Amino acid sequence: MDDQVTLTREVEVTLIPQGTPMSLPEGETVTITHRLGGNFTVMTHNGMFRITGANADALGEEVAQAAPDAATEAHEGPLGQAPLWEALKSVFDPEIPVNIVDLGLVYSLEIHEREEGGNKITMDMTLTAPGCGMGPAIAEDAKMRLETVAGVNEAEVEIVWDPPWNQDMITEEGKMVLGLI
């Protein structure tokens with residue numbers, strides 16, 4: 001459901017799909033089109049923008065934030081892949097209401113034990129289109145989500161283009177959300 005709200009303060013935004021950082025002034029009327037992964041996609045008469053969850057208060061919204069020290073929690077035994085994939089299911093392209101896992105954008109996800117303890121995660125991902133200016137923002141969201149998993153001390157996310165993404169990479173669940181089946 002689209003909701004119109006008035007910004008209660010100036011807010012930093014990212015222009016979609018270019019990825020250009022901008023700001024919207026206090027008092028600007030915006031229409032919230034998506035509430036995905038703790039971020040917001042909004043429309044104004046000047047275009048489409050992404051507002052991070054850290055700025056939810058400007059929209060009169062609240063976002064549950066992960067505990068900042070979640071990655072330093074005691075973690076017993078080897079780190080498995082399941083919590084990493086679950087964390088990535090909360091990362092979205094702001095234009096598409098399907099997470100990056102179900103879109104088939106995650107190509108590899110590896111766990112590396114660090115000598116000093118804990119784990120480093122390396123991930124290769126792609127985008128639905130090579131010219132997508134939102135790529136760095138989506139990759140940063142993925143990195144941040146991975147680093148909230150207990151036992152993860154750092155994450156590195158790289159955007160790759162081989163193989164090229166296509167719609168066949170979308171999971172059945174993602175296709176259902178998009179109305180492709």
# chains A, B, ... in the order shown; residues from 1 in each chain; ligands from 1
>>> residues_around(residues="Val11 (chain A)", least_positions_apart="5", cutoff="10 Å", atoms="only C-alpha atoms", output="list in words")
Met22, Ser23, Leu24, Pro25, Glu26, Glu28, Ile51, Thr52, Asn55, Ala56, Asp57, Ala58 and Leu59 of chain A
>>> closest_residue(among="A:His34, A:Lys143, A:Lys89, A:Arg114", to="Phe49 (chain A)", atoms="only C-alpha atoms")
A:His34
>>> select_by_dssp(residues="region 6-168 of chain A", states="strand (DSSP E or B)", output="ChimeraX atom specification")
/A:6,11-16,20-24,29-36,39-44,47-51,92,99,106-113,119-125,152-159
>>> write_last_selection(atoms="C-alpha atoms", output="compact mmCIF listing (two decimals), in the first residue's frame")
# COMPACT_ATOMS: atom_id res chain seq x y z
CA THR A 6 5.63 14.67 4.74
CA VAL A 11 17.03 13.59 4.75
CA GLU A 12 19.89 12.08 2.75
CA VAL A 13 18.59 9.90 -0.10
CA THR A 14 19.87 7.98 -3.10
CA LEU A 15 18.38 8.69 -6.53
CA ILE A 16 17.09 5.50 -8.17
CA THR A 20 23.36 9.54 -6.97
CA PRO A 21 23.39 10.80 -3.35
CA MET A 22 21.03 13.74 -2.80
CA SER A 23 18.91 15.24 -0.07
CA LEU A 24 15.21 15.95 0.21
CA THR A 29 5.74 15.18 0.41
CA VAL A 30 6.79 11.66 -0.56
CA THR A 31 4.90 8.49 -1.40
CA ILE A 32 6.35 5.35 0.21
CA THR A 33 6.16 2.61 -2.43
CA HIS A 34 8.26 -0.07 -0.69
CA ARG A 35 9.29 -0.92 2.85
CA LEU A 36 11.93 -3.55 2.18
CA ASN A 39 14.92 0.68 3.84
CA PHE A 40 12.28 2.70 2.02
CA THR A 41 11.63 3.47 -1.64
CA VAL A 42 9.79 6.75 -2.10
CA MET A 43 8.46 8.75 -5.03
CA THR A 44 8.27 12.50 -5.33
CA GLY A 47 11.70 10.97 -9.13
CA MET A 48 12.31 7.79 -7.12
CA PHE A 49 14.60 7.69 -4.08
CA ARG A 50 15.90 5.24 -1.49
CA ILE A 51 15.86 6.28 2.16
CA PHE A 92 16.50 -5.76 -1.60
CA ASN A 99 15.25 -10.06 -1.99
CA VAL A 106 24.15 -14.04 -5.05
CA TYR A 107 26.69 -16.13 -6.97
CA SER A 108 29.00 -17.26 -4.17
CA LEU A 109 29.14 -17.07 -0.40
CA GLU A 110 32.25 -18.36 1.38
CA ILE A 111 33.26 -18.55 5.04
CA HIS A 112 36.94 -18.05 5.92
CA GLU A 113 38.18 -18.59 9.48
CA ASN A 119 35.11 -15.39 10.40
CA LYS A 120 35.41 -13.36 7.23
CA ILE A 121 32.69 -13.79 4.63
CA THR A 122 33.39 -13.23 0.94
CA MET A 123 30.49 -12.91 -1.43
CA ASP A 124 30.17 -12.44 -5.18
CA MET A 125 26.93 -10.97 -6.43
CA VAL A 152 31.07 -12.91 11.49
CA ASN A 153 33.73 -10.27 12.06
CA GLU A 154 33.98 -8.90 8.54
CA ALA A 155 32.43 -9.30 5.12
CA GLU A 156 33.54 -8.42 1.63
CA VAL A 157 31.04 -8.16 -1.21
CA GLU A 158 32.13 -7.93 -4.83
CA ILE A 159 29.89 -7.19 -7.81
>>> atom_distance(atom1="CA of Gln18 (chain A)", atom2="CA of Glu172 (chain A)")
28.8 Å
>>> select_by_dssp(residues="region 36-127 of chain A", states="alpha helix (DSSP H)", output="MDAnalysis selection string")
chainID A and resid 82:88
>>> residues_around(residues="Gly174 (chain A)", least_positions_apart="2", cutoff="12 Å", atoms="only C-alpha atoms", output="ChimeraX atom specification")
/A:89,92,96-105,167-172,176-181
>>> atom_distance(atom1="CA of Ala137 (chain A)", atom2="CA of Leu79 (chain A)")
26.0 Å
>>> closest_residue(among="A:Glu147, A:Pro136, A:Thr128, A:Ala142", to="Asn166 (chain A)", atoms="only C-alpha atoms")
A:Thr128
>>> atom_distance(atom1="CA of Pro94 (chain A)", atom2="CA of Gly38 (chain A)")
10.8 Å
>>> closest_residue(among="A:Asp93, A:Glu173, A:Glu116, A:Glu62", to="Glu140 (chain A)", atoms="only C-alpha atoms")
A:Asp93
